[in-house]
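> Provided herewith: work-v3.cif, mmCIF, C-alpha atoms and all ligand atoms.
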data_my_file
loop_
_atom_site.label_atom_id
_atom_site.label_comp_id
_atom_site.auth_asym_id
_atom_site.auth_seq_id
_atom_site.Cartn_x
_atom_site.Cartn_y
_atom_site.Cartn_z
CA MET A 1 117.11 -19.07 34.51
CA PRO A 2 115.07 -19.74 31.35
CA ALA A 3 115.26 -17.09 28.64
CA ILE A 4 112.40 -14.58 28.71
CA VAL A 5 112.33 -14.50 24.91
CA SER A 6 113.33 -17.54 22.92
CA ALA A 7 113.35 -17.60 19.13
CA LYS A 8 114.12 -20.86 17.29
CA ASP A 9 114.99 -21.10 13.60
CA VAL A 10 112.85 -18.13 12.62
CA THR A 11 112.57 -17.50 8.91
CA LYS A 12 110.59 -14.68 7.34
CA ILE A 13 109.89 -14.63 3.63
CA TYR A 14 107.92 -11.55 2.64
CA GLU A 15 105.28 -11.61 -0.07
CA GLY A 16 107.24 -11.36 -3.29
CA GLY A 17 109.78 -13.89 -2.04
CA PHE A 18 112.33 -11.75 -0.16
CA GLU A 19 113.89 -13.70 2.71
CA ALA A 20 114.43 -11.13 5.46
CA LEU A 21 115.22 -13.62 8.26
CA LYS A 22 117.15 -16.81 7.57
CA GLY A 23 116.76 -19.26 10.47
CA VAL A 24 117.37 -16.90 13.37
CA SER A 25 117.73 -18.42 16.85
CA LEU A 26 118.13 -16.13 19.82
CA ASP A 27 117.62 -16.39 23.58
CA ILE A 28 117.14 -13.17 25.52
CA GLU A 29 117.89 -13.35 29.24
CA GLN A 30 115.58 -11.84 31.79
CA GLY A 31 116.75 -8.41 32.98
CA GLU A 32 119.38 -7.81 30.33
CA ILE A 33 119.84 -5.03 27.81
CA LEU A 34 120.52 -6.61 24.44
CA ALA A 35 121.57 -4.38 21.57
CA LEU A 36 120.90 -5.72 18.07
CA LEU A 37 123.42 -4.08 15.85
CA GLY A 38 123.26 -4.24 12.08
CA PRO A 39 123.34 -2.19 8.88
CA ASN A 40 120.26 -0.96 6.98
CA GLY A 41 118.11 -3.79 5.78
CA ALA A 42 119.79 -6.38 8.02
CA GLY A 43 116.45 -7.63 9.38
CA LYS A 44 116.40 -5.94 12.80
CA THR A 45 112.91 -4.45 12.51
CA THR A 46 111.59 -7.65 10.93
CA LEU A 47 112.92 -9.70 13.84
CA ILE A 48 111.34 -7.54 16.53
CA SER A 49 108.11 -7.22 14.51
CA VAL A 50 107.88 -11.01 14.37
CA ILE A 51 108.54 -11.37 18.12
CA CYS A 52 105.91 -8.69 18.86
CA GLY A 53 103.37 -10.35 16.58
CA MET A 54 103.15 -7.52 14.03
CA VAL A 55 104.57 -9.72 11.25
CA ASN A 56 104.04 -13.49 10.95
CA ALA A 57 107.07 -15.74 10.77
CA THR A 58 107.14 -18.09 7.79
CA LEU A 59 108.94 -20.82 9.77
CA GLY A 60 110.18 -21.29 13.31
CA SER A 61 108.80 -20.64 16.77
CA ILE A 62 109.04 -17.94 19.43
CA SER A 63 108.00 -17.83 23.05
CA VAL A 64 107.85 -14.87 25.42
CA GLY A 65 107.71 -15.61 29.16
CA GLY A 66 106.90 -19.19 28.21
CA HIS A 67 103.91 -18.19 26.02
CA ASP A 68 104.05 -19.23 22.36
CA ILE A 69 103.50 -16.07 20.28
CA VAL A 70 101.07 -17.86 17.95
CA ASP A 71 99.19 -20.33 20.18
CA ASP A 72 99.05 -17.92 23.11
CA PHE A 73 99.27 -14.57 21.39
CA ARG A 74 97.53 -12.63 24.17
CA GLY A 75 99.67 -14.12 26.92
CA ALA A 76 102.84 -13.29 25.00
CA ARG A 77 101.73 -9.84 23.83
CA SER A 78 100.70 -8.72 27.33
CA LEU A 79 104.34 -9.10 28.42
CA ILE A 80 105.71 -6.99 25.56
CA GLY A 81 106.05 -3.26 25.07
CA LEU A 82 107.12 -1.95 21.66
CA VAL A 83 108.52 1.48 20.90
CA PRO A 84 108.36 1.75 17.11
CA GLN A 85 110.82 3.60 14.93
CA GLU A 86 108.29 6.09 13.58
CA LEU A 87 106.71 8.77 15.75
CA SER A 88 103.16 7.47 15.41
CA LEU A 89 101.07 9.54 17.83
CA GLU A 90 97.68 11.20 17.88
CA PRO A 91 98.58 14.93 17.69
CA PHE A 92 95.56 16.38 19.48
CA GLU A 93 95.55 13.90 22.33
CA LYS A 94 96.77 14.95 25.78
CA VAL A 95 99.90 13.10 26.89
CA ILE A 96 98.31 11.48 29.94
CA ASN A 97 95.22 10.36 28.04
CA SER A 98 97.25 8.79 25.28
CA VAL A 99 99.14 6.72 27.90
CA ARG A 100 95.92 5.76 29.72
CA PHE A 101 94.37 4.77 26.40
CA SER A 102 97.29 2.47 25.51
CA ARG A 103 96.93 0.77 28.90
CA GLY A 104 93.21 0.29 28.28
CA LEU A 105 93.93 -1.40 24.93
CA PHE A 106 95.59 -4.21 26.87
CA GLY A 107 92.50 -4.60 29.05
CA LYS A 108 94.29 -3.33 32.15
CA PRO A 109 92.24 -1.40 34.73
CA ARG A 110 92.97 2.30 35.13
CA ASN A 111 95.92 2.91 37.44
CA ASP A 112 96.69 6.61 37.83
CA ALA A 113 99.50 6.00 40.32
CA TYR A 114 101.35 3.77 37.82
CA VAL A 115 100.82 6.18 34.92
CA GLU A 116 102.11 9.03 37.09
CA ARG A 117 105.18 6.99 38.00
CA ILE A 118 106.16 6.31 34.39
CA LEU A 119 105.45 9.88 33.30
CA ARG A 120 107.66 11.14 36.15
CA GLN A 121 110.36 8.60 35.31
CA LEU A 122 110.35 9.87 31.73
CA SER A 123 110.36 13.55 32.83
CA LEU A 124 106.94 14.05 31.22
CA TRP A 125 104.85 14.70 34.32
CA ASP A 126 104.83 18.47 33.86
CA LYS A 127 103.67 17.89 30.25
CA LYS A 128 100.88 15.48 31.16
CA ASP A 129 98.16 17.89 30.04
CA ALA A 130 99.99 19.13 26.93
CA ARG A 131 98.75 18.01 23.55
CA VAL A 132 101.17 15.73 21.75
CA LYS A 133 101.59 18.20 18.86
CA GLU A 134 102.96 20.79 21.30
CA LEU A 135 105.89 18.56 22.30
CA SER A 136 109.45 18.51 20.98
CA GLY A 137 110.66 15.48 19.02
CA GLY A 138 112.53 14.16 22.07
CA MET A 139 109.44 14.46 24.26
CA LYS A 140 107.35 12.66 21.63
CA ARG A 141 109.82 9.78 21.71
CA ARG A 142 109.44 9.64 25.47
CA VAL A 143 105.64 9.57 25.10
CA LEU A 144 106.07 6.55 22.82
CA ILE A 145 108.08 4.86 25.59
CA ALA A 146 105.42 5.77 28.18
CA LYS A 147 102.73 4.25 25.97
CA ALA A 148 104.80 1.11 25.44
CA LEU A 149 105.22 0.78 29.23
CA SER A 150 101.58 1.60 30.03
CA HIS A 151 100.48 -2.02 30.48
CA GLU A 152 103.47 -2.93 32.69
CA PRO A 153 105.31 -5.16 30.20
CA ARG A 154 108.30 -7.26 31.27
CA VAL A 155 110.09 -6.94 27.94
CA LEU A 156 110.53 -3.67 26.09
CA PHE A 157 111.60 -3.46 22.44
CA LEU A 158 113.00 -0.15 21.24
CA ASP A 159 113.44 0.08 17.48
CA GLU A 160 116.26 2.56 16.89
CA PRO A 161 115.37 4.77 19.84
CA THR A 162 118.03 7.34 19.07
CA ALA A 163 118.04 7.46 15.26
CA GLY A 164 118.44 11.08 14.24
CA VAL A 165 118.43 12.54 17.75
CA ASP A 166 121.10 14.87 19.13
CA VAL A 167 123.85 13.79 21.51
CA GLU A 168 122.15 15.17 24.63
CA LEU A 169 118.90 13.41 23.91
CA ARG A 170 120.72 10.20 23.09
CA LYS A 171 122.36 10.30 26.53
CA ASP A 172 118.96 11.00 28.18
CA MET A 173 117.56 8.00 26.36
CA TRP A 174 120.41 5.80 27.63
CA GLU A 175 119.69 6.94 31.18
CA ILE A 176 116.01 6.08 30.74
CA VAL A 177 116.88 2.63 29.40
CA ARG A 178 119.25 1.97 32.33
CA GLY A 179 116.54 3.09 34.78
CA LEU A 180 114.02 0.71 33.23
CA ARG A 181 116.46 -2.17 33.48
CA GLU A 182 116.89 -1.37 37.19
CA ASP A 183 113.11 -1.74 37.48
CA GLY A 184 113.51 -5.28 36.13
CA VAL A 185 112.42 -4.65 32.53
CA THR A 186 114.29 -6.68 29.90
CA ILE A 187 115.30 -4.42 27.03
CA ILE A 188 116.06 -5.16 23.41
CA LEU A 189 117.06 -2.26 21.26
CA THR A 190 118.08 -2.08 17.65
CA THR A 191 120.69 0.37 16.59
CA HIS A 192 123.10 1.35 13.86
CA TYR A 193 125.30 3.06 16.41
CA ILE A 194 128.17 1.02 17.70
CA GLU A 195 128.79 3.53 20.50
CA GLU A 196 125.21 3.03 21.63
CA ALA A 197 125.73 -0.71 21.99
CA GLU A 198 129.01 0.03 23.77
CA ALA A 199 127.39 2.49 26.15
CA ILE A 200 124.39 0.57 27.42
CA ALA A 201 124.21 -3.05 26.32
CA ASP A 202 124.93 -6.07 28.51
CA ARG A 203 125.10 -8.21 25.38
CA VAL A 204 125.50 -7.32 21.74
CA GLY A 205 123.98 -9.25 18.85
CA VAL A 206 125.22 -8.55 15.34
CA ILE A 207 122.73 -9.19 12.56
CA ASN A 208 123.31 -8.93 8.85
CA ASP A 209 121.49 -10.20 5.80
CA GLY A 210 118.82 -11.91 7.91
CA LYS A 211 121.32 -13.88 10.00
CA ILE A 212 122.65 -13.45 13.53
CA LEU A 213 126.41 -13.40 13.17
CA LEU A 214 127.31 -13.16 16.84
CA VAL A 215 125.77 -12.68 20.28
CA LYS A 216 128.29 -11.93 22.98
CA ASP A 217 128.66 -10.30 26.35
CA LYS A 218 129.74 -6.76 25.81
CA ALA A 219 132.47 -7.29 28.42
CA GLU A 220 133.91 -10.12 26.28
CA LEU A 221 133.79 -7.94 23.20
CA MET A 222 135.46 -5.15 25.14
CA ALA A 223 138.17 -7.58 26.26
CA GLN A 224 138.76 -8.39 22.59
CA MET A 225 138.96 -4.66 22.02
CA GLY A 226 141.34 -4.33 24.96
CA ARG A 227 144.06 -5.97 22.86
CA LYS A 228 146.44 -3.61 21.17
CA GLN A 229 149.22 -4.11 18.70
CA LEU A 230 152.59 -2.46 18.92
CA CYS A 231 154.22 -2.17 15.53
CA ILE A 232 157.99 -1.78 15.57
CA GLU A 233 159.80 -0.67 12.43
CA LEU A 234 163.42 -1.74 12.28
CA GLN A 235 166.32 0.18 10.80
CA GLU A 236 167.67 -2.99 9.15
CA PRO A 237 165.68 -6.06 8.02
CA ILE A 238 166.07 -9.34 9.90
CA ALA A 239 165.61 -12.86 8.51
CA GLU A 240 164.16 -14.35 11.68
CA ILE A 241 163.22 -13.42 15.20
CA PRO A 242 166.23 -13.82 17.55
CA ALA A 243 165.79 -16.71 20.01
CA GLY A 244 166.17 -14.26 22.93
CA LEU A 245 162.85 -12.63 21.93
CA ALA A 246 160.83 -15.84 21.56
CA ALA A 247 158.80 -15.19 24.73
CA TYR A 248 157.16 -12.13 23.16
CA GLU A 249 155.53 -14.13 20.34
CA LEU A 250 156.39 -11.42 17.85
CA VAL A 251 155.15 -11.56 14.28
CA ILE A 252 157.66 -10.54 11.66
CA GLY A 253 156.57 -8.46 8.63
CA THR A 254 156.98 -9.90 5.13
CA ASP A 255 159.86 -7.53 4.35
CA GLY A 256 161.61 -8.38 7.64
CA CYS A 257 161.60 -4.69 8.57
CA SER A 258 158.79 -4.75 11.09
CA LEU A 259 157.74 -6.66 14.18
CA GLU A 260 154.32 -6.82 15.69
CA TYR A 261 153.65 -7.35 19.38
CA ALA A 262 150.13 -7.94 20.79
CA TYR A 263 149.39 -6.98 24.40
CA GLU A 264 146.52 -6.49 26.81
CA THR A 265 145.85 -2.87 27.69
CA ARG A 266 143.95 -3.96 30.78
CA GLY A 267 146.69 -6.22 32.08
CA GLU A 268 148.91 -5.04 34.93
CA ARG A 269 151.95 -5.18 32.71
CA THR A 270 151.99 -4.70 28.98
CA GLY A 271 155.54 -6.06 28.62
CA ILE A 272 156.49 -3.13 26.41
CA THR A 273 159.34 -1.80 28.57
CA ALA A 274 160.97 -5.22 28.78
CA LEU A 275 160.48 -5.80 25.05
CA LEU A 276 162.12 -2.51 24.11
CA SER A 277 165.15 -3.17 26.29
CA ASP A 278 165.44 -6.77 25.01
CA LEU A 279 165.28 -5.49 21.42
CA ALA A 280 168.17 -3.15 22.22
CA ALA A 281 170.06 -6.00 23.93
CA GLN A 282 169.71 -8.03 20.71
CA GLY A 283 171.32 -5.15 18.84
CA LEU A 284 168.17 -4.21 16.91
CA VAL A 285 167.84 -0.52 16.06
CA LEU A 286 164.33 0.90 15.92
CA LYS A 287 163.20 3.32 13.25
CA ASP A 288 159.66 3.93 14.52
CA VAL A 289 156.96 2.52 16.78
CA SER A 290 153.19 2.83 16.57
CA THR A 291 150.18 1.23 18.24
CA SER A 292 146.77 0.24 16.94
CA GLN A 293 143.67 -1.10 18.62
CA SER A 294 140.72 -3.07 17.32
CA SER A 295 137.41 -1.44 18.21
CA LEU A 296 133.88 -2.80 18.31
CA GLU A 297 133.58 -1.08 14.96
CA ASP A 298 136.46 -3.14 13.50
CA ILE A 299 134.91 -6.32 14.87
CA PHE A 300 131.55 -5.36 13.39
CA VAL A 301 132.95 -4.35 10.02
CA GLY A 302 135.05 -7.52 9.97
CA LEU A 303 132.06 -9.73 10.73
CA VAL A 304 129.72 -8.07 8.27
CA GLY A 305 132.47 -7.97 5.64
CA ASP A 306 133.35 -11.67 6.13
CA ALA A 307 129.69 -12.64 5.88
CA ALA A 308 129.33 -10.68 2.64
N1 LIG B 401 106.79 -5.61 4.08
C1 LIG B 401 107.88 -5.94 3.41
N2 LIG B 401 107.81 -6.54 2.20
C2 LIG B 401 108.91 -6.91 1.54
N3 LIG B 401 110.17 -6.71 2.00
C3 LIG B 401 110.31 -6.11 3.19
C4 LIG B 401 109.18 -5.70 3.96
N4 LIG B 401 109.63 -5.13 5.12
C5 LIG B 401 110.99 -5.20 5.07
N5 LIG B 401 111.39 -5.80 3.91
C6 LIG B 401 112.78 -6.05 3.51
O1 LIG B 401 113.38 -6.88 4.47
C7 LIG B 401 114.74 -6.49 4.69
C8 LIG B 401 114.97 -6.24 6.16
O2 LIG B 401 114.25 -5.07 6.54
P1 LIG B 401 114.22 -4.55 8.04
O3 LIG B 401 113.34 -3.35 8.08
O4 LIG B 401 113.91 -5.67 8.94
O5 LIG B 401 115.74 -4.14 8.24
P2 LIG B 401 116.45 -3.28 9.39
O6 LIG B 401 117.65 -4.06 9.81
O7 LIG B 401 115.46 -2.93 10.43
O8 LIG B 401 116.88 -2.02 8.58
P3 LIG B 401 116.95 -0.45 9.02
O9 LIG B 401 118.14 -0.34 9.90
O10 LIG B 401 117.15 0.22 7.70
O11 LIG B 401 115.65 -0.12 9.69
C9 LIG B 401 114.98 -5.27 3.82
O12 LIG B 401 115.63 -5.67 2.65
C10 LIG B 401 113.59 -4.76 3.51
O13 LIG B 401 113.53 -4.13 2.26
#
Could you render the structure from this file as structure tokens?


Amino acid sequence: MPAIVSAKDVTKIYEGGFEALKGVSLDIEQGEILALLGPNGAGKTTLISVICGMVNATLGSISVGGHDIVDDFRGARSLIGLVPQELSLEPFEKVINSVRFSRGLFGKPRNDAYVERILRQLSLWDKKDARVKELSGGMKRRVLIAKALSHEPRVLFLDEPTAGVDVELRKDMWEIVRGLREDGVTIILTTHYIEEAEAIADRVGVINDGKILLVKDKAELMAQMGRKQLCIELQEPIAEIPAGLAAYELVIGTDGCSLEYAYETRGERTGITALLSDLAAQGLVLKDVSTSQSSLEDIFVGLVGDAA
């Protein structure tokens, strides 16, 4: 299936010469939730602003649903909903009118049944006649989503949807995003929160310093995270690993006093029981054992650190 959003070698140099995107290429699959993870200033907002046509790319090309975002701006833009980072709403407007108005901006005919459906989906139906200023921060964020969905887009961009919101609201937001995906909407969200990417993304893209460092299935990343290390401290140092332990592919510490064993936590057998009895059979006396696991956070920090 062709990608619903395809960016090729996109570079953005802001006035003043700052290069915020450095040849970014990215294909977004229809129906997926892609989390773009990166530190402050990485270029996340710039990338989605360029795709949504709010900022012009300096070089490169982007298409959305097969429409070039420059040559066929209207065709591309009609497929896109954008939930911006800032709460930019008209305070005195009634919720339902603000959603109807957004739909009208895209030249779509009034459709009360559709607007009711999204307001219900976002638990805003009982607030439809409230003025925006009377709503809590979480409700305002949901109004922004309703507005972004008002013209029935196929791709929804959420720029840090849960920045600064409490845990409950964050989980509500994740539920909303999952529900939208079930309706067939492709979702791209930017986040600083690794646990957010872990919780809802199908794929994770890591961006830093204007470059995409990695785009991977979350399941693959999780499999990488499913590896653990068992560190065995020995009572006495050894010069080399006894031949009888070769099958375990142990790594010996520089002082000869420790051994490291990598295993899959998801596998049926970790091999730890057999290893411990074979160590004893080889006459090795253990002083201590500990385990460690690489997390998405380690992978992220490693990637961003290596790139720096
Ligand atoms: N209009 C602008 N003019 C000049 N530089 C800009 C402009 N907008 C953004 N930048 C710079 O581009 C870089 C990327 O900014 P961007 O907002 O895309 O990052 P981000 O990954 O979204 O960061 P955050 O997580 O803090 O929102 C930053 O160094 C920022 O200062």

> Any idea what the distance is between CA of Val10 (chain A) and CA of Leu82 (chain A)?

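Computing the Euclidean distance for CA of Val10 (chain A) and CA of Leu82 (chain A) yields 19.4 Å.
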
> From the list A:Lys44, A:Lys22, A:Lys287, A:Lys94, which residue is nearest Leu189 (chain A) when using all atoms listed in the file?

A:Lys44

> May I ask for the distance between CA of Ala42 (chain A) and CA of Gly17 (chain A), given in Å to one decimal place?

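For CA of Ala42 (chain A) relative to CA of Gly17 (chain A), the distance reads 16.1 Å.
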
> Go ahead and compute the interatomic distance for CA of Thr190 (chain A) and CA of Asp217 (chain A), in Å to one decimal.

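A separation of 16.0 Å between them.
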
> Counting all atoms listed in the file, name the residues that have an atom within 8 Å of an atom of ligand LIG 401 (chain B); the answer should be given as a list in words.

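Checked against 8 Å with all atoms listed in the file; the hits are Tyr14, Glu15, Gly16, Gly17, Phe18, Glu19, Ala20, Leu21, Gly38, Pro39, Asn40, Gly41, Ala42, Gly43, Lys44, Thr45, Thr46, Leu47, Asp159, Glu160, Thr190, Thr191, His192, Ile207, Asn208, Asp209 and Gly210 of chain A.
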
> Dig up all the protein and nucleic acid residues within 8 Å of (93.4, 9.5, 34.9) in the file frame, using all atoms listed in the file, and format them as a list in words.

Ile96, Asn97, Arg100, Arg110, Asn111 and Asp112 of chain A

> Ranking A:Pro84, A:Ala243, A:Gly179, A:Ile238 by minimum distance to Arg141 (chain A) and counting all atoms listed in the file, which one comes first?

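For Arg141 (chain A), the nearest of the candidates is A:Pro84.
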
> Could you check which of A:His151, A:Arg120, A:Arg203, A:Lys140 is closest to Phe106 (chain A), using all atoms listed in the file?

A:His151

> Got a sec: who's within 8 Å of Lys8 (chain A), counting only C-alpha atoms, leaving out chain neighbours fewer than 3 positions off, as an MDAnalysis selection string?

chainID A and resid 23:26 60:62

> Env of region 273-284 of chain A: 12 Å cut, atoms = all atoms listed in the file, seq-sep filter 5 positions within chain, self excluded. Answer as JSON, numbers by chain.

{"A": [230, 231, 232, 233, 234, 235, 236, 237, 238, 241, 242, 243, 244, 245, 246, 247, 248, 249, 250, 257, 258, 259, 260, 261, 262, 263, 289]}

> For region 226-237 of chain A, I'd like the enclosing box, axis-aligned and padded by 5 Å on every side, reported as lines of an AutoDock Vina configuration file with centre and edge lengths in Å to one decimal.


center_x = 154.5
center_y = -2.9
center_z = 16.5
size_x = 36.3
size_y = 16.2
size_z = 26.9

> Can you list, as a list in words, every protein, DNA or RNA residue that comes within 12 Å of Lys108 (chain A) when you count only C-alpha atoms, leaving out same-chain residues fewer than 4 positions away?

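Contacts, with the query itself left out: Ser78, Val99, Arg100, Phe101, Ser102, Arg103, Gly104, Asp112, Tyr114, Val115, Ser150, His151, Glu152 and Pro153 of chain A.
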
> I need the residue nearest Ala3 (chain A) from this list: A:Phe73, A:Val83, A:Ser63, A:Lys127. Use all atoms listed in the file for the distance.

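For Ala3 (chain A), the nearest of the candidates is A:Ser63.
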
> Measuring between all atoms listed in the file, which one of A:Cys52, A:Ile28, A:Met139, A:Leu158 shows the shortest distance to Gln85 (chain A)?

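Under the stated criterion, the closest residue is A:Leu158.
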
> Sorted by chain and rising residue number, which residues of region 207-283 of chain A lie within 12 Å of region 31-34 of chain A, and what are their closest atom pairs and distances in Å to one decimal, counting all atoms listed in the file, as a Markdown table?


| residue | atom | partner | partner_atom | distance |
| --- | --- | --- | --- | --- |
| A:Val215 | CA | A:Leu34 | CA | 9.0 |
| A:Lys216 | CA | A:Leu34 | CA | 9.5 |
| A:Asp217 | CA | A:Leu34 | CA | 9.1 |
| A:Lys218 | CA | A:Leu34 | CA | 9.3 |

> Identify which of the residues A:Leu156, A:Leu36, A:Ile212, A:Ile176 lies closest to Asp9 (chain A), counting all atoms listed in the file when measuring atom-to-atom distances.

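Smallest distance to Asp9 (chain A) is found for A:Ile212.
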
> Quick one: region 170-236 of chain A with C-alpha atoms, as a PDB file, in the first residue's frame?


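New file result.pdb:
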ATOM      1  CA  ARG A 170      -2.974  11.561  29.283  1.00  0.00           C
ATOM      2  CA  LYS A 171      -4.615   8.131  29.431  1.00  0.00           C
ATOM      3  CA  ASP A 172      -7.924   9.608  28.158  1.00  0.00           C
ATOM      4  CA  MET A 173      -6.022  11.147  25.275  1.00  0.00           C
ATOM      5  CA  TRP A 174      -4.432   7.784  24.426  1.00  0.00           C
ATOM      6  CA  GLU A 175      -7.883   6.184  24.369  1.00  0.00           C
ATOM      7  CA  ILE A 176      -9.132   8.904  22.032  1.00  0.00           C
ATOM      8  CA  VAL A 177      -6.165   8.409  19.710  1.00  0.00           C
ATOM      9  CA  ARG A 178      -6.715   4.625  19.631  1.00  0.00           C
ATOM     10  CA  GLY A 179     -10.417   5.174  18.868  1.00  0.00           C
ATOM     11  CA  LEU A 180      -9.579   7.472  15.966  1.00  0.00           C
ATOM     12  CA  ARG A 181      -7.171   4.924  14.544  1.00  0.00           C
ATOM     13  CA  GLU A 182      -9.968   2.326  14.692  1.00  0.00           C
ATOM     14  CA  ASP A 183     -12.025   4.735  12.573  1.00  0.00           C
ATOM     15  CA  GLY A 184      -9.257   4.561   9.966  1.00  0.00           C
ATOM     16  CA  VAL A 185      -7.530   7.874  10.728  1.00  0.00           C
ATOM     17  CA  THR A 186      -3.736   7.843  10.358  1.00  0.00           C
ATOM     18  CA  ILE A 187      -2.147   9.538  13.356  1.00  0.00           C
ATOM     19  CA  ILE A 188       1.189  11.237  13.783  1.00  0.00           C
ATOM     20  CA  LEU A 189       1.967  12.606  17.183  1.00  0.00           C
ATOM     21  CA  THR A 190       5.026  14.328  18.526  1.00  0.00           C
ATOM     22  CA  THR A 191       6.078  13.722  22.055  1.00  0.00           C
ATOM     23  CA  HIS A 192       8.887  14.039  24.559  1.00  0.00           C
ATOM     24  CA  TYR A 193       7.460  11.153  26.532  1.00  0.00           C
ATOM     25  CA  ILE A 194       8.973   7.802  25.830  1.00  0.00           C
ATOM     26  CA  GLU A 195       6.169   6.051  27.724  1.00  0.00           C
ATOM     27  CA  GLU A 196       3.670   7.738  25.424  1.00  0.00           C
ATOM     28  CA  ALA A 197       5.365   6.297  22.355  1.00  0.00           C
ATOM     29  CA  GLU A 198       5.504   2.938  24.137  1.00  0.00           C
ATOM     30  CA  ALA A 199       1.828   3.061  25.054  1.00  0.00           C
ATOM     31  CA  ILE A 200       0.172   3.917  21.757  1.00  0.00           C
ATOM     32  CA  ALA A 201       2.494   3.977  18.761  1.00  0.00           C
ATOM     33  CA  ASP A 202       2.654   1.326  16.045  1.00  0.00           C
ATOM     34  CA  ARG A 203       5.952   2.816  14.896  1.00  0.00           C
ATOM     35  CA  VAL A 204       8.378   5.151  16.566  1.00  0.00           C
ATOM     36  CA  GLY A 205      10.509   7.728  14.783  1.00  0.00           C
ATOM     37  CA  VAL A 206      13.380   9.335  16.656  1.00  0.00           C
ATOM     38  CA  ILE A 207      14.340  12.823  15.520  1.00  0.00           C
ATOM     39  CA  ASN A 208      17.205  14.928  16.748  1.00  0.00           C
ATOM     40  CA  ASP A 209      18.998  17.979  15.426  1.00  0.00           C
ATOM     41  CA  GLY A 210      16.824  18.085  12.300  1.00  0.00           C
ATOM     42  CA  LYS A 211      17.530  14.477  11.325  1.00  0.00           C
ATOM     43  CA  ILE A 212      15.513  11.275  11.600  1.00  0.00           C
ATOM     44  CA  LEU A 213      17.743   8.849  13.434  1.00  0.00           C
ATOM     45  CA  LEU A 214      15.482   5.824  13.322  1.00  0.00           C
ATOM     46  CA  VAL A 215      11.973   4.739  12.349  1.00  0.00           C
ATOM     47  CA  LYS A 216      11.040   1.308  13.611  1.00  0.00           C
ATOM     48  CA  ASP A 217       8.081  -0.839  14.514  1.00  0.00           C
ATOM     49  CA  LYS A 218       7.467  -0.455  18.186  1.00  0.00           C
ATOM     50  CA  ALA A 219       7.278  -4.252  18.456  1.00  0.00           C
ATOM     51  CA  GLU A 220      10.841  -4.485  17.098  1.00  0.00           C
ATOM     52  CA  LEU A 221      12.024  -1.866  19.542  1.00  0.00           C
ATOM     53  CA  MET A 222      10.265  -3.716  22.333  1.00  0.00           C
ATOM     54  CA  ALA A 223      11.986  -6.932  21.251  1.00  0.00           C
ATOM     55  CA  GLN A 224      15.302  -5.100  21.555  1.00  0.00           C
ATOM     56  CA  MET A 225      14.147  -4.029  24.989  1.00  0.00           C
ATOM     57  CA  GLY A 226      13.154  -7.610  25.775  1.00  0.00           C
ATOM     58  CA  ARG A 227      16.840  -8.510  26.023  1.00  0.00           C
ATOM     59  CA  LYS A 228      18.269  -8.554  29.500  1.00  0.00           C
ATOM     60  CA  GLN A 229      21.750  -8.994  30.830  1.00  0.00           C
ATOM     61  CA  LEU A 230      22.641 -11.179  33.757  1.00  0.00           C
ATOM     62  CA  CYS A 231      25.824 -10.016  35.438  1.00  0.00           C
ATOM     63  CA  ILE A 232      27.621 -12.634  37.500  1.00  0.00           C
ATOM     64  CA  GLU A 233      30.344 -11.591  39.913  1.00  0.00           C
ATOM     65  CA  LEU A 234      32.857 -14.301  40.672  1.00  0.00           C
ATOM     66  CA  GLN A 235      34.605 -14.956  43.965  1.00  0.00           C
ATOM     67  CA  GLU A 236      37.926 -15.521  42.165  1.00  0.00           C
TER      68      GLU A 236
END
